[in-house]
file start_38.pdb (PDB, C-alpha atoms)
ATOM      1  CA  MET A   1     -25.777 -11.368 -20.674
ATOM      2  CA  HIS A   2     -25.289  -7.895 -19.234
ATOM      3  CA  PRO A   3     -24.345  -7.350 -15.561
ATOM      4  CA  PHE A   4     -27.216  -6.972 -13.094
ATOM      5  CA  THR A   5     -27.893  -6.832  -9.370
ATOM      6  CA  TYR A   6     -29.941  -9.553  -7.659
ATOM      7  CA  ALA A   7     -32.051  -9.063  -4.531
ATOM      8  CA  LYS A   8     -34.546 -11.379  -2.844
ATOM      9  CA  ALA A   9     -37.632  -9.752  -1.352
ATOM     10  CA  ALA A  10     -38.467 -10.996   2.136
ATOM     11  CA  ASP A  11     -41.993  -9.579   2.079
ATOM     12  CA  MET A  12     -44.428  -7.599  -0.019
ATOM     13  CA  ARG A  13     -43.188  -4.256   1.285
ATOM     14  CA  GLU A  14     -39.623  -4.990   0.180
ATOM     15  CA  ALA A  15     -40.794  -6.205  -3.220
ATOM     16  CA  LEU A  16     -42.909  -3.122  -3.917
ATOM     17  CA  SER A  17     -40.165  -0.782  -2.743
ATOM     18  CA  ALA A  18     -37.631  -2.430  -5.067
ATOM     19  CA  GLY A  19     -40.120  -2.432  -7.938
ATOM     20  CA  TRP A  20     -40.804   1.264  -7.468
ATOM     21  CA  ARG A  21     -37.057   1.928  -7.731
ATOM     22  CA  GLY A  22     -36.966   0.174 -11.104
ATOM     23  CA  GLY A  23     -36.307  -3.453 -10.182
ATOM     24  CA  ARG A  24     -37.730  -6.187 -12.396
ATOM     25  CA  TYR A  25     -39.743  -8.885 -10.648
ATOM     26  CA  LEU A  26     -38.442 -12.441 -11.059
ATOM     27  CA  ALA A  27     -40.311 -15.627 -10.117
ATOM     28  CA  GLY A  28     -39.768 -18.792 -12.193
ATOM     29  CA  GLY A  29     -37.561 -16.911 -14.644
ATOM     30  CA  THR A  30     -38.525 -19.105 -17.583
ATOM     31  CA  THR A  31     -39.086 -16.106 -19.879
ATOM     32  CA  LEU A  32     -37.098 -13.218 -18.434
ATOM     33  CA  VAL A  33     -33.842 -15.132 -18.030
ATOM     34  CA  ASP A  34     -34.083 -16.379 -21.627
ATOM     35  CA  LEU A  35     -34.524 -12.826 -22.878
ATOM     36  CA  MET A  36     -31.593 -11.650 -20.763
ATOM     37  CA  ARG A  37     -29.354 -14.314 -22.291
ATOM     38  CA  GLU A  38     -30.342 -13.105 -25.745
ATOM     39  CA  THR A  39     -29.756  -9.462 -24.611
ATOM     40  CA  VAL A  40     -33.321  -8.578 -25.555
ATOM     41  CA  GLU A  41     -33.940  -7.652 -21.919
ATOM     42  CA  ARG A  42     -31.245  -5.808 -19.940
ATOM     43  CA  PRO A  43     -32.593  -5.132 -16.442
ATOM     44  CA  GLY A  44     -30.229  -3.524 -13.993
ATOM     45  CA  VAL A  45     -31.875  -5.076 -10.920
ATOM     46  CA  LEU A  46     -33.749  -8.370 -10.515
ATOM     47  CA  VAL A  47     -36.082  -8.694  -7.539
ATOM     48  CA  ASP A  48     -36.751 -12.321  -6.614
ATOM     49  CA  ILE A  49     -40.360 -12.548  -5.365
ATOM     50  CA  SER A  50     -40.532 -16.336  -5.094
ATOM     51  CA  SER A  51     -40.845 -16.226  -1.275
ATOM     52  CA  LEU A  52     -43.976 -14.068  -1.243
ATOM     53  CA  PRO A  53     -47.221 -15.697  -0.002
ATOM     54  CA  LEU A  54     -48.993 -15.804  -3.370
ATOM     55  CA  ARG A  55     -49.210 -19.557  -3.928
ATOM     56  CA  GLU A  56     -52.805 -20.405  -3.020
ATOM     57  CA  VAL A  57     -55.745 -21.496  -5.157
ATOM     58  CA  THR A  58     -59.017 -20.714  -3.408
ATOM     59  CA  VAL A  59     -62.729 -20.624  -4.159
ATOM     60  CA  THR A  60     -64.115 -17.123  -3.642
ATOM     61  CA  GLU A  61     -67.163 -16.299  -1.510
ATOM     62  CA  ARG A  62     -69.278 -16.031  -4.638
ATOM     63  CA  GLY A  63     -68.078 -19.350  -6.033
ATOM     64  CA  GLY A  64     -65.432 -18.101  -8.413
ATOM     65  CA  LEU A  65     -61.767 -19.032  -8.343
ATOM     66  CA  ARG A  66     -58.708 -17.091  -7.187
ATOM     67  CA  ILE A  67     -55.291 -18.269  -8.394
ATOM     68  CA  GLY A  68     -52.263 -16.707  -6.706
ATOM     69  CA  ALA A  69     -49.709 -15.130  -9.010
ATOM     70  CA  LEU A  70     -46.916 -17.442  -7.803
ATOM     71  CA  VAL A  71     -48.842 -20.681  -8.241
ATOM     72  CA  ARG A  72     -46.805 -22.869 -10.570
ATOM     73  CA  MET A  73     -48.450 -23.738 -13.863
ATOM     74  CA  ALA A  74     -48.222 -27.459 -13.090
ATOM     75  CA  ASP A  75     -49.826 -26.993  -9.668
ATOM     76  CA  ALA A  76     -52.655 -24.875 -11.052
ATOM     77  CA  ALA A  77     -53.365 -27.396 -13.806
ATOM     78  CA  ALA A  78     -53.486 -30.279 -11.316
ATOM     79  CA  HIS A  79     -55.531 -28.504  -8.641
ATOM     80  CA  SER A  80     -58.844 -30.271  -8.036
ATOM     81  CA  LYS A  81     -60.914 -27.074  -7.947
ATOM     82  CA  VAL A  82     -59.441 -25.825 -11.213
ATOM     83  CA  ARG A  83     -60.032 -29.151 -12.941
ATOM     84  CA  VAL A  84     -63.624 -29.412 -11.712
ATOM     85  CA  LEU A  85     -64.788 -25.797 -11.991
ATOM     86  CA  TYR A  86     -62.842 -24.621 -15.058
ATOM     87  CA  PRO A  87     -61.238 -27.482 -16.998
ATOM     88  CA  VAL A  88     -60.485 -25.015 -19.820
ATOM     89  CA  ILE A  89     -57.765 -23.548 -17.560
ATOM     90  CA  SER A  90     -56.210 -26.931 -16.802
ATOM     91  CA  GLU A  91     -56.244 -27.938 -20.455
ATOM     92  CA  ALA A  92     -54.677 -24.649 -21.565
ATOM     93  CA  LEU A  93     -51.915 -24.972 -18.969
ATOM     94  CA  GLU A  94     -51.127 -28.575 -19.841
ATOM     95  CA  LEU A  95     -50.822 -27.677 -23.531
ATOM     96  CA  SER A  96     -48.629 -24.666 -22.817
ATOM     97  CA  ALA A  97     -45.107 -25.964 -22.407
ATOM     98  CA  SER A  98     -42.895 -28.859 -21.429
ATOM     99  CA  ALA A  99     -43.347 -30.455 -18.014
ATOM    100  CA  GLN A 100     -40.059 -28.952 -16.841
ATOM    101  CA  LEU A 101     -41.209 -25.424 -17.676
ATOM    102  CA  ARG A 102     -44.645 -25.946 -16.128
ATOM    103  CA  ASN A 103     -42.937 -27.016 -12.906
ATOM    104  CA  MET A 104     -41.112 -23.667 -12.727
ATOM    105  CA  ALA A 105     -43.236 -21.046 -14.483
ATOM    106  CA  THR A 106     -45.879 -19.137 -12.525
ATOM    107  CA  ILE A 107     -49.355 -17.921 -13.423
ATOM    108  CA  GLY A 108     -48.350 -14.276 -13.048
ATOM    109  CA  GLY A 109     -45.230 -14.747 -15.124
ATOM    110  CA  ASN A 110     -47.134 -16.624 -17.807
ATOM    111  CA  ILE A 111     -49.531 -13.794 -18.560
ATOM    112  CA  MET A 112     -46.627 -11.310 -18.433
ATOM    113  CA  GLN A 113     -44.498 -13.232 -20.935
ATOM    114  CA  ARG A 114     -43.389 -11.436 -24.069
ATOM    115  CA  THR A 115     -43.914 -12.472 -27.665
ATOM    116  CA  ARG A 116     -42.052 -15.305 -29.368
ATOM    117  CA  CYS A 117     -41.771 -13.255 -32.581
ATOM    118  CA  THR A 118     -38.403 -14.133 -34.108
ATOM    119  CA  TYR A 119     -37.766 -10.525 -35.087
ATOM    120  CA  PHE A 120     -38.335  -9.382 -31.501
ATOM    121  CA  ARG A 121     -35.778 -11.903 -30.279
ATOM    122  CA  ASP A 122     -33.242 -11.073 -32.987
ATOM    123  CA  VAL A 123     -31.526  -7.930 -31.722
ATOM    124  CA  THR A 124     -30.238  -7.185 -35.232
ATOM    125  CA  ALA A 125     -33.797  -6.924 -36.648
ATOM    126  CA  ALA A 126     -36.070  -3.899 -36.588
ATOM    127  CA  CYS A 127     -38.686  -4.239 -33.838
ATOM    128  CA  ASN A 128     -40.835  -1.473 -32.382
ATOM    129  CA  LYS A 129     -41.677  -3.662 -29.401
ATOM    130  CA  ARG A 130     -38.015  -4.055 -28.456
ATOM    131  CA  GLU A 131     -36.767  -0.678 -29.746
ATOM    132  CA  PRO A 132     -39.554   1.875 -30.295
ATOM    133  CA  GLY A 133     -39.303   3.693 -33.608
ATOM    134  CA  SER A 134     -37.036   1.148 -35.284
ATOM    135  CA  GLY A 135     -39.776  -0.367 -37.462
ATOM    136  CA  CYS A 136     -41.372  -3.810 -37.736
ATOM    137  CA  ALA A 137     -39.440  -6.349 -39.795
ATOM    138  CA  ALA A 138     -42.330  -8.818 -39.598
ATOM    139  CA  LEU A 139     -44.654  -6.645 -41.681
ATOM    140  CA  HIS A 140     -42.737  -7.419 -44.872
ATOM    141  CA  GLY A 141     -40.735 -10.404 -43.661
ATOM    142  CA  TYR A 142     -41.741 -14.013 -43.141
ATOM    143  CA  ASN A 143     -44.899 -13.639 -41.076
ATOM    144  CA  ARG A 144     -46.616 -17.046 -41.150
ATOM    145  CA  SER A 145     -46.878 -17.211 -37.349
ATOM    146  CA  HIS A 146     -47.934 -13.609 -36.823
ATOM    147  CA  ALA A 147     -51.260 -12.025 -35.886
ATOM    148  CA  ILE A 148     -54.236 -11.310 -38.126
ATOM    149  CA  LEU A 149     -56.345  -9.625 -35.414
ATOM    150  CA  GLY A 150     -55.562  -6.524 -33.372
ATOM    151  CA  THR A 151     -52.538  -5.603 -35.463
ATOM    152  CA  SER A 152     -51.231  -2.142 -36.296
ATOM    153  CA  ASP A 153     -48.692  -0.630 -38.663
ATOM    154  CA  HIS A 154     -46.225  -0.809 -35.775
ATOM    155  CA  CYS A 155     -46.535  -4.449 -34.660
ATOM    156  CA  VAL A 156     -48.077  -7.757 -35.730
ATOM    157  CA  ALA A 157     -46.642 -10.048 -33.038
ATOM    158  CA  THR A 158     -48.934 -12.549 -31.310
ATOM    159  CA  HIS A 159     -49.261 -13.004 -27.566
ATOM    160  CA  PRO A 160     -47.936 -16.511 -26.792
ATOM    161  CA  SER A 161     -49.810 -17.502 -23.618
ATOM    162  CA  ASP A 162     -52.354 -20.318 -23.752
ATOM    163  CA  VAL A 163     -53.846 -19.836 -20.303
ATOM    164  CA  ALA A 164     -54.329 -16.138 -21.073
ATOM    165  CA  VAL A 165     -56.785 -17.221 -23.783
ATOM    166  CA  ALA A 166     -58.770 -19.154 -21.179
ATOM    167  CA  PHE A 167     -58.671 -16.157 -18.821
ATOM    168  CA  ALA A 168     -59.883 -13.886 -21.605
ATOM    169  CA  ALA A 169     -62.763 -16.218 -22.454
ATOM    170  CA  LEU A 170     -63.809 -16.502 -18.796
ATOM    171  CA  GLU A 171     -63.581 -12.723 -18.327
ATOM    172  CA  ALA A 172     -61.087 -12.953 -15.496
ATOM    173  CA  THR A 173     -59.757 -10.103 -13.383
ATOM    174  CA  VAL A 174     -56.090  -9.423 -12.603
ATOM    175  CA  GLN A 175     -55.448  -8.268  -9.049
ATOM    176  CA  VAL A 176     -52.413  -6.044  -8.550
ATOM    177  CA  LEU A 177     -50.727  -4.313  -5.639
ATOM    178  CA  GLY A 178     -48.634  -1.174  -5.920
ATOM    179  CA  PRO A 179     -47.441   1.881  -4.037
ATOM    180  CA  ASP A 180     -50.976   3.314  -4.201
ATOM    181  CA  GLY A 181     -52.636   0.141  -2.911
ATOM    182  CA  GLU A 182     -54.660  -2.633  -4.501
ATOM    183  CA  ARG A 183     -56.627  -2.489  -7.715
ATOM    184  CA  ARG A 184     -58.367  -4.873 -10.092
ATOM    185  CA  ILE A 185     -57.963  -4.854 -13.860
ATOM    186  CA  ALA A 186     -60.362  -6.637 -16.191
ATOM    187  CA  PHE A 187     -58.379  -9.159 -18.199
ATOM    188  CA  ALA A 188     -59.683  -7.590 -21.407
ATOM    189  CA  ASP A 189     -57.899  -4.389 -20.373
ATOM    190  CA  PHE A 190     -54.772  -5.921 -18.846
ATOM    191  CA  LEU A 191     -52.969  -6.948 -22.039
ATOM    192  CA  LEU A 192     -52.685  -4.016 -24.440
ATOM    193  CA  ARG A 193     -53.015  -4.026 -28.215
ATOM    194  CA  PRO A 194     -49.907  -2.597 -29.881
ATOM    195  CA  GLY A 195     -51.348   0.498 -31.536
ATOM    196  CA  SER A 196     -48.499   2.998 -31.893
ATOM    197  CA  THR A 197     -46.826   1.886 -28.624
ATOM    198  CA  PRO A 198     -46.183  -1.868 -28.919
ATOM    199  CA  ASN A 199     -43.449  -1.629 -26.294
ATOM    200  CA  ARG A 200     -46.151  -1.066 -23.649
ATOM    201  CA  GLU A 201     -47.731  -4.476 -23.214
ATOM    202  CA  GLN A 202     -49.608  -4.490 -19.893
ATOM    203  CA  ALA A 203     -51.773  -1.964 -18.058
ATOM    204  CA  LEU A 204     -49.464  -1.900 -15.036
ATOM    205  CA  SER A 205     -48.220   1.224 -13.325
ATOM    206  CA  LYS A 206     -44.693   1.677 -12.027
ATOM    207  CA  GLY A 207     -43.824  -0.823  -9.307
ATOM    208  CA  GLU A 208     -47.119  -2.715  -9.428
ATOM    209  CA  LEU A 209     -47.044  -6.452  -8.761
ATOM    210  CA  ILE A 210     -49.604  -9.041  -9.857
ATOM    211  CA  THR A 211     -50.983 -10.854  -6.797
ATOM    212  CA  ALA A 212     -53.684 -13.077  -8.319
ATOM    213  CA  VAL A 213     -55.977 -13.851 -11.213
ATOM    214  CA  GLU A 214     -59.634 -14.208 -10.273
ATOM    215  CA  ILE A 215     -62.244 -16.064 -12.326
ATOM    216  CA  PRO A 216     -65.828 -14.910 -11.733
ATOM    217  CA  ASP A 217     -68.593 -17.221 -10.652
ATOM    218  CA  LEU A 218     -70.249 -18.360 -13.860
ATOM    219  CA  PRO A 219     -73.681 -20.042 -14.006
ATOM    220  CA  ARG A 220     -73.796 -23.821 -13.689
ATOM    221  CA  PRO A 221     -73.794 -26.316 -15.242
ATOM    222  CA  LEU A 222     -70.787 -25.086 -17.201
ATOM    223  CA  LYS A 223     -68.807 -27.095 -19.724
ATOM    224  CA  SER A 224     -65.499 -25.774 -20.954
ATOM    225  CA  GLY A 225     -62.400 -26.811 -22.868
ATOM    226  CA  TYR A 226     -59.350 -25.651 -24.779
ATOM    227  CA  LEU A 227     -58.174 -26.677 -28.245
ATOM    228  CA  LYS A 228     -54.731 -25.797 -29.575
ATOM    229  CA  VAL A 229     -53.635 -26.213 -33.203
ATOM    230  CA  ARG A 230     -49.880 -26.171 -33.809
ATOM    231  CA  ASP A 231     -47.282 -27.407 -36.265
ATOM    232  CA  ARG A 232     -46.197 -30.226 -33.968
ATOM    233  CA  GLN A 233     -47.700 -31.835 -30.887
ATOM    234  CA  SER A 234     -44.614 -31.476 -28.725
ATOM    235  CA  TYR A 235     -43.803 -28.130 -27.078
ATOM    236  CA  GLU A 236     -44.890 -25.550 -29.666
ATOM    237  CA  PHE A 237     -46.811 -22.287 -29.767
ATOM    238  CA  ALA A 238     -50.274 -22.079 -31.276
ATOM    239  CA  LEU A 239     -51.075 -21.309 -34.882
ATOM    240  CA  THR A 240     -54.543 -20.844 -33.479
ATOM    241  CA  SER A 241     -56.465 -21.979 -30.424
ATOM    242  CA  ALA A 242     -59.958 -21.747 -28.965
ATOM    243  CA  ALA A 243     -61.166 -21.523 -25.366
ATOM    244  CA  VAL A 244     -64.880 -22.234 -25.000
ATOM    245  CA  ALA A 245     -67.234 -22.269 -22.005
ATOM    246  CA  LEU A 246     -70.956 -22.912 -22.409
ATOM    247  CA  HIS A 247     -73.834 -22.799 -19.937
ATOM    248  CA  ILE A 248     -76.665 -24.877 -21.381
ATOM    249  CA  ARG A 249     -79.912 -25.194 -19.421
ATOM    250  CA  GLY A 250     -83.194 -26.602 -20.650
ATOM    251  CA  GLY A 251     -81.605 -27.423 -23.992
ATOM    252  CA  VAL A 252     -80.781 -23.742 -24.679
ATOM    253  CA  ILE A 253     -77.430 -21.940 -24.550
ATOM    254  CA  ARG A 254     -77.783 -19.337 -21.795
ATOM    255  CA  GLU A 255     -74.163 -18.167 -21.591
ATOM    256  CA  ALA A 256     -71.290 -18.488 -24.074
ATOM    257  CA  LYS A 257     -67.665 -17.483 -23.479
ATOM    258  CA  VAL A 258     -65.300 -17.842 -26.437
ATOM    259  CA  ALA A 259     -61.785 -16.565 -27.096
ATOM    260  CA  ALA A 260     -58.989 -17.379 -29.535
ATOM    261  CA  GLY A 261     -55.216 -17.496 -29.299
ATOM    262  CA  GLY A 262     -52.370 -17.602 -31.808
ATOM    263  CA  VAL A 263     -54.153 -15.161 -34.113
ATOM    264  CA  GLY A 264     -54.249 -11.926 -32.156
ATOM    265  CA  THR A 265     -51.775  -9.458 -30.728
ATOM    266  CA  VAL A 266     -53.568 -10.225 -27.462
ATOM    267  CA  PRO A 267     -55.850 -13.152 -26.529
ATOM    268  CA  TRP A 268     -58.842 -12.431 -28.721
ATOM    269  CA  LYS A 269     -62.377 -12.467 -27.299
ATOM    270  CA  LEU A 270     -65.018 -13.415 -29.885
ATOM    271  CA  PRO A 271     -68.214 -11.546 -28.927
ATOM    272  CA  ALA A 272     -69.812 -12.028 -32.344
ATOM    273  CA  VAL A 273     -69.519 -15.793 -31.956
ATOM    274  CA  GLU A 274     -70.959 -15.573 -28.433
ATOM    275  CA  ARG A 275     -73.932 -13.466 -29.545
ATOM    276  CA  HIS A 276     -74.772 -15.955 -32.279
ATOM    277  CA  LEU A 277     -74.929 -18.781 -29.729
ATOM    278  CA  ILE A 278     -76.903 -17.284 -26.849
ATOM    279  CA  GLY A 279     -80.568 -18.255 -26.817
ATOM    280  CA  GLU A 280     -80.096 -21.009 -29.405
ATOM    281  CA  ARG A 281     -80.315 -24.776 -29.174
ATOM    282  CA  PRO A 282     -77.063 -26.675 -29.744
ATOM    283  CA  SER A 283     -76.730 -28.173 -33.203
ATOM    284  CA  GLY A 284     -74.064 -28.890 -35.740
ATOM    285  CA  ARG A 285     -75.456 -26.167 -37.945
ATOM    286  CA  LEU A 286     -75.331 -23.632 -35.110
ATOM    287  CA  TRP A 287     -71.661 -24.337 -34.386
ATOM    288  CA  ALA A 288     -70.742 -23.845 -38.043
ATOM    289  CA  GLU A 289     -72.744 -20.626 -38.352
ATOM    290  CA  ALA A 290     -71.294 -19.166 -35.160
ATOM    291  CA  ALA A 291     -67.738 -20.029 -36.163
ATOM    292  CA  GLU A 292     -68.115 -18.035 -39.376
ATOM    293  CA  HIS A 293     -67.909 -14.899 -37.206
ATOM    294  CA  ALA A 294     -64.588 -15.876 -35.603
ATOM    295  CA  ALA A 295     -62.291 -14.093 -38.050
ATOM    296  CA  GLU A 296     -64.255 -10.860 -38.407
ATOM    297  CA  GLY A 297     -61.907  -7.894 -38.733
ATOM    298  CA  ALA A 298     -58.908 -10.044 -39.682
ATOM    299  CA  ARG A 299     -56.037  -8.376 -41.538
ATOM    300  CA  PRO A 300     -53.939 -11.212 -43.001
ATOM    301  CA  LEU A 301     -50.343 -10.646 -44.035
ATOM    302  CA  ALA A 302     -48.446 -12.128 -46.965
ATOM    303  CA  HIS A 303     -47.862 -15.538 -45.378
ATOM    304  CA  ASN A 304     -50.590 -16.051 -42.777
ATOM    305  CA  GLY A 305     -53.852 -15.727 -44.673
ATOM    306  CA  PHE A 306     -54.575 -19.386 -43.896
ATOM    307  CA  LYS A 307     -55.105 -18.463 -40.241
ATOM    308  CA  ALA A 308     -58.550 -16.963 -40.850
ATOM    309  CA  GLU A 309     -59.999 -20.223 -42.138
ATOM    310  CA  LEU A 310     -58.038 -22.257 -39.608
ATOM    311  CA  LEU A 311     -59.467 -20.127 -36.815
ATOM    312  CA  LYS A 312     -63.035 -20.718 -37.994
ATOM    313  CA  ARG A 313     -62.478 -24.480 -38.148
ATOM    314  CA  THR A 314     -60.816 -24.529 -34.727
ATOM    315  CA  VAL A 315     -63.649 -22.601 -33.085
ATOM    316  CA  GLU A 316     -66.274 -24.787 -34.748
ATOM    317  CA  ARG A 317     -64.535 -27.964 -33.660
ATOM    318  CA  GLN A 318     -64.258 -26.819 -30.046
ATOM    319  CA  LEU A 319     -67.873 -25.649 -29.956
ATOM    320  CA  ARG A 320     -68.918 -29.111 -31.113
ATOM    321  CA  THR A 321     -66.717 -30.768 -28.495
ATOM    322  CA  VAL A 322     -67.866 -28.639 -25.570
ATOM    323  CA  GLY A 323     -71.481 -28.366 -26.740
ATOM    324  CA  GLY A 324     -71.820 -32.084 -27.132
ATOM    325  CA  THR A 325     -73.517 -32.053 -30.539
ATOM    326  CA  LYS A 326     -71.445 -33.481 -33.390
TER     327      LYS A 326
END
call {"tool": "encode", "arguments": {"input": "start_38.pdb", "output": "structure tokens"}}
result
Amino acid sequence: MHPFTYAKAADMREALSAGWRGGRYLAGGTTLVDLMRETVERPGVLVDISSLPLREVTVTERGGLRIGALVRMADAAAHSKVRVLYPVISEALELSASAQLRNMATIGGNIMQRTRCTYFRDVTAACNKREPGSGCAALHGYNRSHAILGTSDHCVATHPSDVAVAFAALEATVQVLGPDGERRIAFADFLLRPGSTPNREQALSKGELITAVEIPDLPRPLKSGYLKVRDRQSYEFALTSAAVALHIRGGVIREAKVAAGGVGTVPWKLPAVERHLIGERPSGRLWAEAAEHAAEGARPLAHNGFKAELLKRTVERQLRTVGGTK
């Protein structure tokens, strides 16, 4: 680990000032500290923001949900309003990591976490995300766990967060605060596809700090859930996953929110699946037909072609579970 300076921010003003000067924000440290130990990350200054007042979960005036950036994953998953209003968030959080990590990691840190690509974490391997212009060893290496959606010739790494898939499906908004004041970023725009600049991963400006994630008020009744497929049931990242939320009234699907994880360079919204569902009556045939659209635009690599079919099956299974028609 390389030498660094540590400072603890007493308030928001101190945090933003330190961030503007180049400090890296630190909360639970479950990702950043790991990367520092592996010398993937080498920040000169760490700014501890754990004392900032960003630990509340509240229902918004319009009936949505606001989760503070420093709410621990375990606390968010267990919160009564989260479990009742958006169980897909609780399920995604509980499937994310070990209990010890969930007790430390924060919501803001979770969506900011960097890829688990082995080439990214191996400082001897070529990685455009870690060292722009060095190449991407995963393109022609062992790429079974890598992305098939949203890839580029510069990067094929997946985004590892589970709860980010739920946020993407629910069309959440990320609230940030910076030197120029507050702003809101649609979750679909917050995490960036790699393109030719895979080293730029979030739509944050210099010194900006995430303060909350807000879920909009969605029509009720709403059923939702999260399904994660992985190589082993204990602490493991997704081969593929599906977050589904359905508003069914009068026997007809009025709203459908669907996103996938483990297959994209960012959490992958599935609008073609959603369009196929809206206005239809739930049925086993409908779920299967809608799921056929899940892998549209996929670009499989040498070792991960199986993910396209696995994604379709995962989406179909979760649609059946949430929709209530087997």
call {"tool": "resolve_selection", "arguments": {"input": "start_38.pdb", "expression": "the PyMOL selection byres ((chain A and resi 181-191) around 8)", "output": "ChimeraX atom specification"}}
result
/A:167-168,171-180,192-193,201-204,266
call {"tool": "atom_distance", "arguments": {"input": "start_38.pdb", "atom1": "CA of Leu54 (chain A)", "atom2": "CA of Ala69 (chain A)"}}
result
5.7 Å
call {"tool": "residues_near_point", "arguments": {"input": "start_38.pdb", "point": "(-60.5, -18.3, -40.6)", "cutoff": "10 Å", "atoms": "only C-alpha atoms", "output": "ChimeraX atom specification"}}
result
/A:148,240,263,291-296,298,300,305-315
call {"tool": "resolve_selection", "arguments": {"input": "start_38.pdb", "expression": "the PyMOL selection byres ((chain A and resi 197) around 8)", "output": "number ranges by chain"}}
result
A: 128-129, 132, 154, 194-196, 198-200
call {"tool": "closest_residue", "arguments": {"input": "start_38.pdb", "among": "A:His146, A:Thr211, A:Ala272, A:Pro87", "to": "Val71 (chain A)", "atoms": "all atoms listed in the file"}}
result
A:Thr211
call {"tool": "resolve_selection", "arguments": {"input": "start_38.pdb", "expression": "the PyMOL selection byres ((chain A and resi 30) around 12)", "output": "list in words"}}
result
Leu26, Ala27, Gly28, Gly29, Thr31, Leu32, Val33, Asp34, Leu35, Met36, Arg37, Arg72, Met73, Ala97, Ser98, Gln100, Leu101, Arg102, Asn103, Met104, Ala105, Thr106, Ile107, Gly108, Gly109, Asn110, Met112, Gln113 and Arg114 of chain A
call {"tool": "atom_distance", "arguments": {"input": "start_38.pdb", "atom1": "CA of Glu255 (chain A)", "atom2": "CA of Arg66 (chain A)"}}
result
21.2 Å
call {"tool": "atom_distance", "arguments": {"input": "start_38.pdb", "atom1": "CA of Ser50 (chain A)", "atom2": "CA of Arg83 (chain A)"}}
result
24.6 Å
call {"tool": "closest_residue", "arguments": {"input": "start_38.pdb", "among": "A:Gly279, A:Gly64, A:Gly207, A:Gly133", "to": "Gly23 (chain A)", "atoms": "all atoms listed in the file"}}
result
A:Gly207
call {"tool": "axis_aligned_box", "arguments": {"input": "start_38.pdb", "around": "region 152-169 of chain A", "padding_each_side": "5 Å", "output": "lines of an AutoDock Vina configuration file"}}
result
center_x = -54.5
center_y = -10.5
center_z = -28.7
size_x = 26.5
size_y = 29.7
size_z = 29.8
call {"tool": "closest_residue", "arguments": {"input": "start_38.pdb", "among": "A:Cys136, A:Gly22, A:Thr58, A:Gly261", "to": "Asp122 (chain A)", "atoms": "all atoms listed in the file"}}
result
A:Cys136
call {"tool": "residues_around", "arguments": {"input": "start_38.pdb", "residues": "Gly135 (chain A)", "least_positions_apart": "4", "cutoff": "10 Å", "atoms": "all atoms listed in the file", "output": "number ranges by chain"}}
result
A: 125-131, 139, 153-155
call {"tool": "closest_residue", "arguments": {"input": "start_38.pdb", "among": "A:Leu222, A:Ala260, A:Ala157, A:Val57", "to": "Glu316 (chain A)", "atoms": "all atoms listed in the file"}}
result
A:Ala260
